[in-house]
Amino acid sequence: MKARVKPIGGFFELEIQNKDYNYHSNAIPLSNGRACLNLILKHINAQKIWIPFYTCDALLEPIINKQVSYSFYSININLEPSEDFKLKENEYFIYINYFGIKSKFIESLINKYSDKIIIDNTQAFFERENSKTWSFNSARKFFGVPDGAYLYTPYDIAVDYERNTDLSCNYLFNRLLGKQKQAYQEFIEYEKGLDDEIKKISIVSEYLLANIDYLSIAHKRRYNFSYYHSIFEEINQFNLPLATNSIPYHYPLLLKNIIDKNLLYERNIFIPILWKDTIQRRLEGFNFEQDLTQKLIALPIDHRYEIDDLDYVIESLKELLGI
Ligand SMILES: Cc1ncc(COP(=O)(O)O)c(C=O)c1O
């Protein structure tokens, strides 16, 4: 008799309940954002792609690997393309739903460009399908999961890929255990190892994501965003109101001047740099984006933070800014 594939007996696997719930039940669940873009590229036969300069190099990875030609475009203070696109046949452009607050603008883009636009919702996990164009997100950016991304398509496509089994949860466990420094190193190493290979979401993330209370998390993000806005509205160089249905990623506080983020790290406030890659790309003509990278304080507003946490960040920033 052939041995069963499912092992019987012995030690237990991690105890996570499969609740059979999926917030993105109409999407294709893959392992990460790059895998989604890679799959999109397989279907669209793009000759050229326009990419916002204000992005990380990870977004370029599938495009470079597939040897699709690309050019950067610039954005303005509203985080919208500086100029209208005149797309030739087989040309596409990617637009990032910056900080999860550009959904209304995206509606107008879709009306104009339909399936020629690819929406990068890696900062807007809560956005669901529009069925007119391509869009994808990335679960790691919103939740403590090792992989996961959801791809929406303008038409049905066949998907038959292996599940992702190549992952580590060490950094997630160690941050939970309070081993912050070790977890950070492990996180950096893990992220470095990610690539654009098309794989289905891992069983670990699929189960973890089924256990999330999306409604309360969404509410918390909006609340925290508004709290920061009530304090920083006057000094924020951005004027980016939060639309009723948007669930934001960060509170993007754009300062007039650069402040040394190390002074915040010393206070255990870890502000990401979005995106270092823009400084390292040696290209002329994207001063606004490079300035943005240096002057932006992207304040975390996720479900881990209560008012006293936000107050601590506010007091620290006020002290540094001398206000
Ligand atoms: C704007 C943007 N798009 C796409 C990606 C790629 O997502 P993932 O890391 O899930 O492949 C990232 C992050 O790495 C990103 O910041």
# chains A, B, ... in the order shown; residues from 1 in each chain; ligands from 1
>>> closest_atom_pairs(of="chain A", to="ligand 1", cutoff="8 Å", atoms="only C-alpha atoms and all ligand atoms", output="tab-separated table")
residue	atom	partner	partner_atom_place_in_ligand_line	distance
A:Ser31	CA	ligand 1	10 (O)	7.4
A:Asn32	CA	ligand 1	10 (O)	3.8
A:Gly33	CA	ligand 1	10 (O)	3.6
A:Arg34	CA	ligand 1	11 (O)	3.8
A:Ala35	CA	ligand 1	11 (O)	6.5
A:Cys36	CA	ligand 1	11 (O)	8.0
A:Thr55	CA	ligand 1	1 (C)	5.3
A:Cys56	CA	ligand 1	16 (O)	5.5
A:Asp57	CA	ligand 1	14 (O)	7.7
A:Ala58	CA	ligand 1	14 (O)	5.0
A:Leu59	CA	ligand 1	4 (C)	4.5
A:Ile96	CA	ligand 1	1 (C)	6.2
A:Tyr98	CA	ligand 1	1 (C)	7.9
A:Asp120	CA	ligand 1	3 (N)	5.9
A:Asn121	CA	ligand 1	3 (N)	7.5
A:Thr122	CA	ligand 1	3 (N)	5.5
A:Gln123	CA	ligand 1	1 (C)	6.9
A:Asn137	CA	ligand 1	10 (O)	7.2
A:Ser138	CA	ligand 1	10 (O)	4.5
A:Ala139	CA	ligand 1	10 (O)	7.2
A:Arg140	CA	ligand 1	10 (O)	6.7
A:Lys141	CA	ligand 1	10 (O)	7.6
A:Asp147	CA	ligand 1	10 (O)	7.4
A:Gly148	CA	ligand 1	10 (O)	7.4
A:Ala149	CA	ligand 1	10 (O)	6.6
A:Glu191	CA	ligand 1	9 (O)	7.5
A:Leu194	CA	ligand 1	11 (O)	7.3
A:Asp195	CA	ligand 1	11 (O)	7.0
A:Asp196	CA	ligand 1	11 (O)	6.7
>>> select_by_dssp(residues="stretch 78-144 of chain A", states="helix (DSSP H, G or I)", output="PDB file with N, CA, C and O atoms, in the first residue's frame")
ATOM      1  N   TYR A  98      -0.779  56.057  -3.248  1.00  0.00           N
ATOM      2  CA  TYR A  98       0.113  56.537  -2.197  1.00  0.00           C
ATOM      3  C   TYR A  98      -0.606  56.693  -0.852  1.00  0.00           C
ATOM      4  O   TYR A  98      -1.645  57.329  -0.766  1.00  0.00           O
ATOM      5  N   PHE A  99      -0.015  56.088   0.144  1.00  0.00           N
ATOM      6  CA  PHE A  99      -0.501  56.147   1.528  1.00  0.00           C
ATOM      7  C   PHE A  99      -1.957  55.677   1.666  1.00  0.00           C
ATOM      8  O   PHE A  99      -2.600  55.891   2.683  1.00  0.00           O
ATOM      9  N   GLY A 100      -2.462  55.050   0.622  1.00  0.00           N
ATOM     10  CA  GLY A 100      -3.838  54.525   0.668  1.00  0.00           C
ATOM     11  C   GLY A 100      -4.894  55.608   0.588  1.00  0.00           C
ATOM     12  O   GLY A 100      -6.063  55.365   0.903  1.00  0.00           O
ATOM     13  N   SER A 103      -7.564  56.854  -3.677  1.00  0.00           N
ATOM     14  CA  SER A 103      -8.557  56.009  -4.359  1.00  0.00           C
ATOM     15  C   SER A 103      -9.502  56.809  -5.252  1.00  0.00           C
ATOM     16  O   SER A 103      -9.894  56.348  -6.321  1.00  0.00           O
ATOM     17  N   LYS A 104      -9.883  57.995  -4.816  1.00  0.00           N
ATOM     18  CA  LYS A 104     -10.794  58.804  -5.634  1.00  0.00           C
ATOM     19  C   LYS A 104     -10.126  59.211  -6.941  1.00  0.00           C
ATOM     20  O   LYS A 104     -10.725  59.142  -8.026  1.00  0.00           O
ATOM     21  N   PHE A 105      -8.879  59.612  -6.827  1.00  0.00           N
ATOM     22  CA  PHE A 105      -8.122  59.974  -8.024  1.00  0.00           C
ATOM     23  C   PHE A 105      -7.976  58.752  -8.946  1.00  0.00           C
ATOM     24  O   PHE A 105      -8.072  58.873 -10.177  1.00  0.00           O
ATOM     25  N   ILE A 106      -7.785  57.591  -8.354  1.00  0.00           N
ATOM     26  CA  ILE A 106      -7.630  56.365  -9.144  1.00  0.00           C
ATOM     27  C   ILE A 106      -8.896  56.087  -9.962  1.00  0.00           C
ATOM     28  O   ILE A 106      -8.829  55.667 -11.111  1.00  0.00           O
ATOM     29  N   GLU A 107     -10.048  56.369  -9.362  1.00  0.00           N
ATOM     30  CA  GLU A 107     -11.307  56.184 -10.120  1.00  0.00           C
ATOM     31  C   GLU A 107     -11.263  56.975 -11.425  1.00  0.00           C
ATOM     32  O   GLU A 107     -11.651  56.488 -12.480  1.00  0.00           O
ATOM     33  N   SER A 108     -10.773  58.216 -11.325  1.00  0.00           N
ATOM     34  CA  SER A 108     -10.733  59.044 -12.540  1.00  0.00           C
ATOM     35  C   SER A 108      -9.701  58.495 -13.525  1.00  0.00           C
ATOM     36  O   SER A 108      -9.910  58.533 -14.745  1.00  0.00           O
ATOM     37  N   LEU A 109      -8.604  57.961 -13.026  1.00  0.00           N
ATOM     38  CA  LEU A 109      -7.599  57.360 -13.921  1.00  0.00           C
ATOM     39  C   LEU A 109      -8.176  56.155 -14.656  1.00  0.00           C
ATOM     40  O   LEU A 109      -7.933  55.960 -15.846  1.00  0.00           O
ATOM     41  N   ILE A 110      -8.931  55.360 -13.917  1.00  0.00           N
ATOM     42  CA  ILE A 110      -9.489  54.146 -14.535  1.00  0.00           C
ATOM     43  C   ILE A 110     -10.500  54.525 -15.617  1.00  0.00           C
ATOM     44  O   ILE A 110     -10.534  53.916 -16.688  1.00  0.00           O
ATOM     45  N   ASN A 111     -11.292  55.573 -15.335  1.00  0.00           N
ATOM     46  CA  ASN A 111     -12.241  56.019 -16.361  1.00  0.00           C
ATOM     47  C   ASN A 111     -11.523  56.443 -17.628  1.00  0.00           C
ATOM     48  O   ASN A 111     -12.013  56.256 -18.740  1.00  0.00           O
ATOM     49  N   LYS A 112     -10.345  57.008 -17.445  1.00  0.00           N
ATOM     50  CA  LYS A 112      -9.602  57.533 -18.579  1.00  0.00           C
ATOM     51  C   LYS A 112      -8.778  56.451 -19.287  1.00  0.00           C
ATOM     52  O   LYS A 112      -8.724  56.400 -20.510  1.00  0.00           O
ATOM     53  N   TYR A 113      -8.118  55.630 -18.502  1.00  0.00           N
ATOM     54  CA  TYR A 113      -7.132  54.714 -19.102  1.00  0.00           C
ATOM     55  C   TYR A 113      -7.558  53.242 -19.085  1.00  0.00           C
ATOM     56  O   TYR A 113      -6.851  52.392 -19.617  1.00  0.00           O
ATOM     57  N   SER A 114      -8.637  52.955 -18.413  1.00  0.00           N
ATOM     58  CA  SER A 114      -9.179  51.591 -18.308  1.00  0.00           C
ATOM     59  C   SER A 114      -8.087  50.556 -17.998  1.00  0.00           C
ATOM     60  O   SER A 114      -7.341  50.731 -17.060  1.00  0.00           O
ATOM     61  N   ASP A 115      -7.928  49.488 -18.803  1.00  0.00           N
ATOM     62  CA  ASP A 115      -6.979  48.441 -18.390  1.00  0.00           C
ATOM     63  C   ASP A 115      -5.536  48.737 -18.800  1.00  0.00           C
ATOM     64  O   ASP A 115      -4.673  47.869 -18.733  1.00  0.00           O
ATOM     65  N   LYS A 116      -5.251  49.984 -19.191  1.00  0.00           N
ATOM     66  CA  LYS A 116      -3.873  50.373 -19.499  1.00  0.00           C
ATOM     67  C   LYS A 116      -3.133  50.798 -18.232  1.00  0.00           C
ATOM     68  O   LYS A 116      -1.955  51.141 -18.259  1.00  0.00           O
ATOM     69  N   ALA A 139       0.245  41.940   1.668  1.00  0.00           N
ATOM     70  CA  ALA A 139      -0.257  41.810   3.042  1.00  0.00           C
ATOM     71  C   ALA A 139       0.796  42.131   4.100  1.00  0.00           C
ATOM     72  O   ALA A 139       0.470  42.627   5.178  1.00  0.00           O
ATOM     73  N   ARG A 140       2.073  41.864   3.795  1.00  0.00           N
ATOM     74  CA  ARG A 140       3.143  42.109   4.783  1.00  0.00           C
ATOM     75  C   ARG A 140       3.213  43.559   5.221  1.00  0.00           C
ATOM     76  O   ARG A 140       3.759  43.879   6.261  1.00  0.00           O
ATOM     77  N   LYS A 141       2.724  44.449   4.361  1.00  0.00           N
ATOM     78  CA  LYS A 141       2.843  45.874   4.685  1.00  0.00           C
ATOM     79  C   LYS A 141       1.762  46.324   5.687  1.00  0.00           C
ATOM     80  O   LYS A 141       1.815  47.437   6.200  1.00  0.00           O
TER      81      LYS A 141
END
>>> residues_around(residues="stretch 67-75 of chain A", least_positions_apart="2", cutoff="9 Å", atoms="only C-alpha atoms", output="PDB file with all heavy atoms, in the first residue's frame")
ATOM      1  N   LEU A  41       2.441  40.969 -16.101  1.00  0.00           N
ATOM      2  CA  LEU A  41       3.299  41.130 -17.285  1.00  0.00           C
ATOM      3  C   LEU A  41       3.183  39.949 -18.228  1.00  0.00           C
ATOM      4  O   LEU A  41       3.295  40.092 -19.446  1.00  0.00           O
ATOM      5  CB  LEU A  41       4.762  41.333 -16.863  1.00  0.00           C
ATOM      6  CG  LEU A  41       5.061  42.618 -16.100  1.00  0.00           C
ATOM      7  CD1 LEU A  41       6.514  42.667 -15.665  1.00  0.00           C
ATOM      8  CD2 LEU A  41       4.715  43.851 -16.925  1.00  0.00           C
ATOM      9  N   ALA A  46       3.243  43.941 -22.679  1.00  0.00           N
ATOM     10  CA  ALA A  46       3.598  45.368 -22.678  1.00  0.00           C
ATOM     11  C   ALA A  46       4.916  45.596 -23.405  1.00  0.00           C
ATOM     12  O   ALA A  46       5.860  44.840 -23.232  1.00  0.00           O
ATOM     13  CB  ALA A  46       3.735  45.857 -21.236  1.00  0.00           C
ATOM     14  N   GLN A  47       4.920  46.660 -24.228  1.00  0.00           N
ATOM     15  CA  GLN A  47       6.184  47.014 -24.878  1.00  0.00           C
ATOM     16  C   GLN A  47       6.933  48.053 -24.030  1.00  0.00           C
ATOM     17  O   GLN A  47       8.129  48.129 -24.067  1.00  0.00           O
ATOM     18  CB  GLN A  47       5.924  47.585 -26.257  1.00  0.00           C
ATOM     19  CG  GLN A  47       6.597  46.733 -27.333  1.00  0.00           C
ATOM     20  CD  GLN A  47       5.593  46.247 -28.345  1.00  0.00           C
ATOM     21  OE1 GLN A  47       5.024  47.074 -29.041  1.00  0.00           O
ATOM     22  NE2 GLN A  47       5.355  44.953 -28.384  1.00  0.00           N
ATOM     23  N   LYS A  48       6.131  48.808 -23.301  1.00  0.00           N
ATOM     24  CA  LYS A  48       6.757  49.805 -22.428  1.00  0.00           C
ATOM     25  C   LYS A  48       5.846  50.084 -21.236  1.00  0.00           C
ATOM     26  O   LYS A  48       4.627  50.105 -21.375  1.00  0.00           O
ATOM     27  CB  LYS A  48       6.994  51.099 -23.208  1.00  0.00           C
ATOM     28  CG  LYS A  48       7.590  52.175 -22.364  1.00  0.00           C
ATOM     29  CD  LYS A  48       8.056  53.327 -23.177  1.00  0.00           C
ATOM     30  CE  LYS A  48       8.619  54.372 -22.257  1.00  0.00           C
ATOM     31  NZ  LYS A  48       9.213  55.460 -22.997  1.00  0.00           N
ATOM     32  N   ILE A  49       6.493  50.321 -20.099  1.00  0.00           N
ATOM     33  CA  ILE A  49       5.719  50.639 -18.892  1.00  0.00           C
ATOM     34  C   ILE A  49       6.243  51.935 -18.293  1.00  0.00           C
ATOM     35  O   ILE A  49       7.450  52.132 -18.173  1.00  0.00           O
ATOM     36  CB  ILE A  49       5.833  49.509 -17.838  1.00  0.00           C
ATOM     37  CG1 ILE A  49       5.404  48.190 -18.477  1.00  0.00           C
ATOM     38  CG2 ILE A  49       5.034  49.834 -16.584  1.00  0.00           C
ATOM     39  CD1 ILE A  49       4.702  47.236 -17.582  1.00  0.00           C
ATOM     40  N   TRP A  50       5.310  52.792 -17.925  1.00  0.00           N
ATOM     41  CA  TRP A  50       5.659  54.032 -17.220  1.00  0.00           C
ATOM     42  C   TRP A  50       5.526  53.769 -15.728  1.00  0.00           C
ATOM     43  O   TRP A  50       4.505  53.243 -15.272  1.00  0.00           O
ATOM     44  CB  TRP A  50       4.738  55.166 -17.649  1.00  0.00           C
ATOM     45  CG  TRP A  50       4.953  55.576 -19.070  1.00  0.00           C
ATOM     46  CD1 TRP A  50       4.378  55.038 -20.179  1.00  0.00           C
ATOM     47  CD2 TRP A  50       5.835  56.599 -19.533  1.00  0.00           C
ATOM     48  NE1 TRP A  50       4.843  55.653 -21.309  1.00  0.00           N
ATOM     49  CE2 TRP A  50       5.744  56.627 -20.943  1.00  0.00           C
ATOM     50  CE3 TRP A  50       6.699  57.504 -18.895  1.00  0.00           C
ATOM     51  CZ2 TRP A  50       6.482  57.524 -21.723  1.00  0.00           C
ATOM     52  CZ3 TRP A  50       7.425  58.398 -19.669  1.00  0.00           C
ATOM     53  CH2 TRP A  50       7.317  58.397 -21.069  1.00  0.00           C
ATOM     54  N   ILE A  51       6.573  54.145 -15.009  1.00  0.00           N
ATOM     55  CA  ILE A  51       6.616  53.856 -13.567  1.00  0.00           C
ATOM     56  C   ILE A  51       6.863  55.165 -12.822  1.00  0.00           C
ATOM     57  O   ILE A  51       7.679  55.980 -13.261  1.00  0.00           O
ATOM     58  CB  ILE A  51       7.782  52.899 -13.251  1.00  0.00           C
ATOM     59  CG1 ILE A  51       7.639  51.622 -14.071  1.00  0.00           C
ATOM     60  CG2 ILE A  51       7.857  52.553 -11.776  1.00  0.00           C
ATOM     61  CD1 ILE A  51       8.895  50.813 -14.094  1.00  0.00           C
ATOM     62  N   PRO A  52       6.185  55.373 -11.700  1.00  0.00           N
ATOM     63  CA  PRO A  52       6.495  56.608 -10.953  1.00  0.00           C
ATOM     64  C   PRO A  52       7.914  56.538 -10.419  1.00  0.00           C
ATOM     65  O   PRO A  52       8.335  55.491  -9.907  1.00  0.00           O
ATOM     66  CB  PRO A  52       5.471  56.606  -9.815  1.00  0.00           C
ATOM     67  CG  PRO A  52       5.059  55.186  -9.659  1.00  0.00           C
ATOM     68  CD  PRO A  52       5.197  54.542 -11.006  1.00  0.00           C
ATOM     69  N   PHE A  53       8.643  57.636 -10.534  1.00  0.00           N
ATOM     70  CA  PHE A  53       9.998  57.671  -9.978  1.00  0.00           C
ATOM     71  C   PHE A  53       9.928  57.461  -8.466  1.00  0.00           C
ATOM     72  O   PHE A  53      10.823  56.867  -7.866  1.00  0.00           O
ATOM     73  CB  PHE A  53      10.657  59.016 -10.301  1.00  0.00           C
ATOM     74  CG  PHE A  53      12.098  59.070  -9.888  1.00  0.00           C
ATOM     75  CD1 PHE A  53      13.089  58.529 -10.691  1.00  0.00           C
ATOM     76  CD2 PHE A  53      12.458  59.674  -8.685  1.00  0.00           C
ATOM     77  CE1 PHE A  53      14.432  58.576 -10.296  1.00  0.00           C
ATOM     78  CE2 PHE A  53      13.792  59.727  -8.292  1.00  0.00           C
ATOM     79  CZ  PHE A  53      14.780  59.173  -9.107  1.00  0.00           C
ATOM     80  N   TYR A  54       8.842  57.972  -7.879  1.00  0.00           N
ATOM     81  CA  TYR A  54       8.686  57.850  -6.428  1.00  0.00           C
ATOM     82  C   TYR A  54       8.192  56.449  -6.074  1.00  0.00           C
ATOM     83  O   TYR A  54       7.003  56.204  -5.874  1.00  0.00           O
ATOM     84  CB  TYR A  54       7.728  58.920  -5.904  1.00  0.00           C
ATOM     85  CG  TYR A  54       7.697  59.005  -4.396  1.00  0.00           C
ATOM     86  CD1 TYR A  54       8.869  59.166  -3.665  1.00  0.00           C
ATOM     87  CD2 TYR A  54       6.498  58.913  -3.699  1.00  0.00           C
ATOM     88  CE1 TYR A  54       8.846  59.222  -2.284  1.00  0.00           C
ATOM     89  CE2 TYR A  54       6.465  58.986  -2.311  1.00  0.00           C
ATOM     90  CZ  TYR A  54       7.643  59.135  -1.616  1.00  0.00           C
ATOM     91  OH  TYR A  54       7.624  59.186  -0.245  1.00  0.00           O
ATOM     92  N   LEU A  60      10.398  47.530  -9.602  1.00  0.00           N
ATOM     93  CA  LEU A  60      11.039  47.412 -10.921  1.00  0.00           C
ATOM     94  C   LEU A  60      11.462  45.982 -11.230  1.00  0.00           C
ATOM     95  O   LEU A  60      11.638  45.618 -12.398  1.00  0.00           O
ATOM     96  CB  LEU A  60      12.299  48.294 -10.997  1.00  0.00           C
ATOM     97  CG  LEU A  60      12.181  49.765 -10.645  1.00  0.00           C
ATOM     98  CD1 LEU A  60      13.503  50.459 -10.889  1.00  0.00           C
ATOM     99  CD2 LEU A  60      11.104  50.416 -11.482  1.00  0.00           C
ATOM    100  N   PRO A  62      10.276  42.822 -11.382  1.00  0.00           N
ATOM    101  CA  PRO A  62       9.677  41.970 -12.430  1.00  0.00           C
ATOM    102  C   PRO A  62       9.819  42.575 -13.822  1.00  0.00           C
ATOM    103  O   PRO A  62       9.940  41.850 -14.812  1.00  0.00           O
ATOM    104  CB  PRO A  62       8.197  41.898 -12.045  1.00  0.00           C
ATOM    105  CG  PRO A  62       8.026  42.585 -10.760  1.00  0.00           C
ATOM    106  CD  PRO A  62       9.277  43.306 -10.409  1.00  0.00           C
ATOM    107  N   ILE A  63       9.830  43.911 -13.882  1.00  0.00           N
ATOM    108  CA  ILE A  63       9.914  44.596 -15.183  1.00  0.00           C
ATOM    109  C   ILE A  63      11.319  44.408 -15.766  1.00  0.00           C
ATOM    110  O   ILE A  63      11.482  44.072 -16.948  1.00  0.00           O
ATOM    111  CB  ILE A  63       9.562  46.090 -14.998  1.00  0.00           C
ATOM    112  CG1 ILE A  63       8.096  46.180 -14.565  1.00  0.00           C
ATOM    113  CG2 ILE A  63       9.814  46.889 -16.263  1.00  0.00           C
ATOM    114  CD1 ILE A  63       7.676  47.512 -14.025  1.00  0.00           C
ATOM    115  N   ILE A  64      12.311  44.564 -14.914  1.00  0.00           N
ATOM    116  CA  ILE A  64      13.701  44.374 -15.356  1.00  0.00           C
ATOM    117  C   ILE A  64      13.929  42.899 -15.706  1.00  0.00           C
ATOM    118  O   ILE A  64      14.496  42.571 -16.751  1.00  0.00           O
ATOM    119  CB  ILE A  64      14.680  44.869 -14.261  1.00  0.00           C
ATOM    120  CG1 ILE A  64      14.576  46.394 -14.155  1.00  0.00           C
ATOM    121  CG2 ILE A  64      16.112  44.436 -14.564  1.00  0.00           C
ATOM    122  CD1 ILE A  64      15.314  47.017 -13.002  1.00  0.00           C
ATOM    123  N   ASN A  65      13.453  42.002 -14.849  1.00  0.00           N
ATOM    124  CA  ASN A  65      13.653  40.567 -15.124  1.00  0.00           C
ATOM    125  C   ASN A  65      13.031  40.135 -16.447  1.00  0.00           C
ATOM    126  O   ASN A  65      13.539  39.267 -17.132  1.00  0.00           O
ATOM    127  CB  ASN A  65      13.070  39.703 -13.993  1.00  0.00           C
ATOM    128  CG  ASN A  65      13.938  39.780 -12.751  1.00  0.00           C
ATOM    129  OD1 ASN A  65      15.067  40.272 -12.818  1.00  0.00           O
ATOM    130  ND2 ASN A  65      13.420  39.323 -11.627  1.00  0.00           N
ATOM    131  N   ILE A  77       2.711  67.653  -6.034  1.00  0.00           N
ATOM    132  CA  ILE A  77       2.473  67.742  -4.587  1.00  0.00           C
ATOM    133  C   ILE A  77       1.188  67.006  -4.150  1.00  0.00           C
ATOM    134  O   ILE A  77       1.025  66.655  -2.993  1.00  0.00           O
ATOM    135  CB  ILE A  77       2.462  69.230  -4.126  1.00  0.00           C
ATOM    136  CG1 ILE A  77       2.398  69.390  -2.593  1.00  0.00           C
ATOM    137  CG2 ILE A  77       1.323  70.003  -4.781  1.00  0.00           C
ATOM    138  CD1 ILE A  77       3.681  69.173  -1.881  1.00  0.00           C
ATOM    139  N   ASN A  78       0.286  66.736  -5.117  1.00  0.00           N
ATOM    140  CA  ASN A  78      -0.901  65.931  -4.792  1.00  0.00           C
ATOM    141  C   ASN A  78      -0.654  64.449  -4.997  1.00  0.00           C
ATOM    142  O   ASN A  78      -1.588  63.643  -4.963  1.00  0.00           O
ATOM    143  CB  ASN A  78      -2.097  66.366  -5.647  1.00  0.00           C
ATOM    144  CG  ASN A  78      -2.496  67.786  -5.348  1.00  0.00           C
ATOM    145  OD1 ASN A  78      -2.461  68.200  -4.182  1.00  0.00           O
ATOM    146  ND2 ASN A  78      -2.839  68.544  -6.381  1.00  0.00           N
ATOM    147  N   LEU A  79       0.591  64.098  -5.276  1.00  0.00           N
ATOM    148  CA  LEU A  79       0.996  62.703  -5.506  1.00  0.00           C
ATOM    149  C   LEU A  79       0.317  62.123  -6.754  1.00  0.00           C
ATOM    150  O   LEU A  79       0.019  60.922  -6.814  1.00  0.00           O
ATOM    151  CB  LEU A  79       0.704  61.830  -4.270  1.00  0.00           C
ATOM    152  CG  LEU A  79       1.377  62.279  -2.970  1.00  0.00           C
ATOM    153  CD1 LEU A  79       0.817  61.536  -1.766  1.00  0.00           C
ATOM    154  CD2 LEU A  79       2.881  62.086  -3.051  1.00  0.00           C
ATOM    155  N   GLU A  80       0.078  62.992  -7.712  1.00  0.00           N
ATOM    156  CA  GLU A  80      -0.544  62.584  -8.981  1.00  0.00           C
ATOM    157  C   GLU A  80       0.455  62.831 -10.109  1.00  0.00           C
ATOM    158  O   GLU A  80       1.329  63.710  -9.971  1.00  0.00           O
ATOM    159  CB  GLU A  80      -1.824  63.402  -9.198  1.00  0.00           C
ATOM    160  CG  GLU A  80      -2.834  63.112  -8.088  1.00  0.00           C
ATOM    161  CD  GLU A  80      -4.048  64.051  -8.083  1.00  0.00           C
ATOM    162  OE1 GLU A  80      -4.154  64.904  -8.991  1.00  0.00           O
ATOM    163  OE2 GLU A  80      -4.865  63.919  -7.166  1.00  0.00           O
ATOM    164  N   PRO A  81       0.358  62.088 -11.228  1.00  0.00           N
ATOM    165  CA  PRO A  81       1.317  62.299 -12.317  1.00  0.00           C
ATOM    166  C   PRO A  81       1.356  63.773 -12.719  1.00  0.00           C
ATOM    167  O   PRO A  81       0.305  64.419 -12.823  1.00  0.00           O
ATOM    168  CB  PRO A  81       0.759  61.438 -13.456  1.00  0.00           C
ATOM    169  CG  PRO A  81      -0.051  60.396 -12.772  1.00  0.00           C
ATOM    170  CD  PRO A  81      -0.614  61.033 -11.542  1.00  0.00           C
ATOM    171  N   SER A  82       2.568  64.295 -12.970  1.00  0.00           N
ATOM    172  CA  SER A  82       2.706  65.714 -13.302  1.00  0.00           C
ATOM    173  C   SER A  82       2.058  66.038 -14.639  1.00  0.00           C
ATOM    174  O   SER A  82       1.633  67.161 -14.866  1.00  0.00           O
ATOM    175  CB  SER A  82       4.174  66.111 -13.409  1.00  0.00           C
ATOM    176  OG  SER A  82       4.823  65.772 -12.251  1.00  0.00           O
ATOM    177  N   GLU A  83       2.066  65.062 -15.535  1.00  0.00           N
ATOM    178  CA  GLU A  83       1.473  65.304 -16.865  1.00  0.00           C
ATOM    179  C   GLU A  83       0.566  64.162 -17.269  1.00  0.00           C
ATOM    180  O   GLU A  83       0.735  63.036 -16.805  1.00  0.00           O
ATOM    181  CB  GLU A  83       2.601  65.407 -17.907  1.00  0.00           C
ATOM    182  CG  GLU A  83       3.338  66.721 -17.815  1.00  0.00           C
ATOM    183  CD  GLU A  83       4.567  66.742 -18.692  1.00  0.00           C
ATOM    184  OE1 GLU A  83       4.547  66.084 -19.746  1.00  0.00           O
ATOM    185  OE2 GLU A  83       5.533  67.401 -18.290  1.00  0.00           O
ATOM    186  N   GLY A 285      16.362  65.336 -12.828  1.00  0.00           N
ATOM    187  CA  GLY A 285      15.010  65.826 -13.081  1.00  0.00           C
ATOM    188  C   GLY A 285      13.924  65.328 -12.146  1.00  0.00           C
ATOM    189  O   GLY A 285      12.762  65.531 -12.408  1.00  0.00           O
ATOM    190  N   PHE A 286      14.282  64.670 -11.065  1.00  0.00           N
ATOM    191  CA  PHE A 286      13.236  64.211 -10.153  1.00  0.00           C
ATOM    192  C   PHE A 286      13.486  64.791  -8.755  1.00  0.00           C
ATOM    193  O   PHE A 286      13.433  64.086  -7.743  1.00  0.00           O
ATOM    194  CB  PHE A 286      13.178  62.678 -10.131  1.00  0.00           C
ATOM    195  CG  PHE A 286      12.715  62.085 -11.433  1.00  0.00           C
ATOM    196  CD1 PHE A 286      13.636  61.587 -12.342  1.00  0.00           C
ATOM    197  CD2 PHE A 286      11.370  62.050 -11.769  1.00  0.00           C
ATOM    198  CE1 PHE A 286      13.222  61.056 -13.559  1.00  0.00           C
ATOM    199  CE2 PHE A 286      10.941  61.525 -12.973  1.00  0.00           C
ATOM    200  CZ  PHE A 286      11.864  61.023 -13.877  1.00  0.00           C
ATOM    201  N   PHE A 288      11.703  66.820  -6.951  1.00  0.00           N
ATOM    202  CA  PHE A 288      10.563  66.791  -6.021  1.00  0.00           C
ATOM    203  C   PHE A 288      10.542  65.461  -5.261  1.00  0.00           C
ATOM    204  O   PHE A 288      10.398  65.423  -4.038  1.00  0.00           O
ATOM    205  CB  PHE A 288       9.245  67.003  -6.772  1.00  0.00           C
ATOM    206  CG  PHE A 288       8.036  66.799  -5.892  1.00  0.00           C
ATOM    207  CD1 PHE A 288       7.703  67.741  -4.918  1.00  0.00           C
ATOM    208  CD2 PHE A 288       7.247  65.661  -6.008  1.00  0.00           C
ATOM    209  CE1 PHE A 288       6.607  67.550  -4.079  1.00  0.00           C
ATOM    210  CE2 PHE A 288       6.152  65.462  -5.172  1.00  0.00           C
ATOM    211  CZ  PHE A 288       5.837  66.410  -4.210  1.00  0.00           C
ATOM    212  N   GLU A 289      10.699  64.368  -6.003  1.00  0.00           N
ATOM    213  CA  GLU A 289      10.640  63.039  -5.393  1.00  0.00           C
ATOM    214  C   GLU A 289      11.791  62.821  -4.416  1.00  0.00           C
ATOM    215  O   GLU A 289      11.614  62.238  -3.340  1.00  0.00           O
ATOM    216  CB  GLU A 289      10.686  61.958  -6.470  1.00  0.00           C
ATOM    217  CG  GLU A 289       9.408  61.772  -7.271  1.00  0.00           C
ATOM    218  CD  GLU A 289       9.225  62.774  -8.410  1.00  0.00           C
ATOM    219  OE1 GLU A 289      10.012  63.741  -8.501  1.00  0.00           O
ATOM    220  OE2 GLU A 289       8.282  62.597  -9.203  1.00  0.00           O
TER     221      GLU A 289
END
>>> closest_residue(among="A:Thr133, A:Val204, A:Ser246, A:Asn76", to="A:Asp291", atoms="only C-alpha atoms")
A:Asn76
>>> atom_distance(atom1="atom CA of A:Leu263", atom2="atom CA of A:Leu317")
9.5 Å
>>> residues_around(residues="A:Pro241", least_positions_apart="5", cutoff="10 Å", atoms="only C-alpha atoms", output="count of residues only")
6
>>> closest_residue(among="A:Lys66, A:Lys132, A:Lys261, A:Arg221", to="A:Glu306", atoms="only C-alpha atoms")
A:Arg221
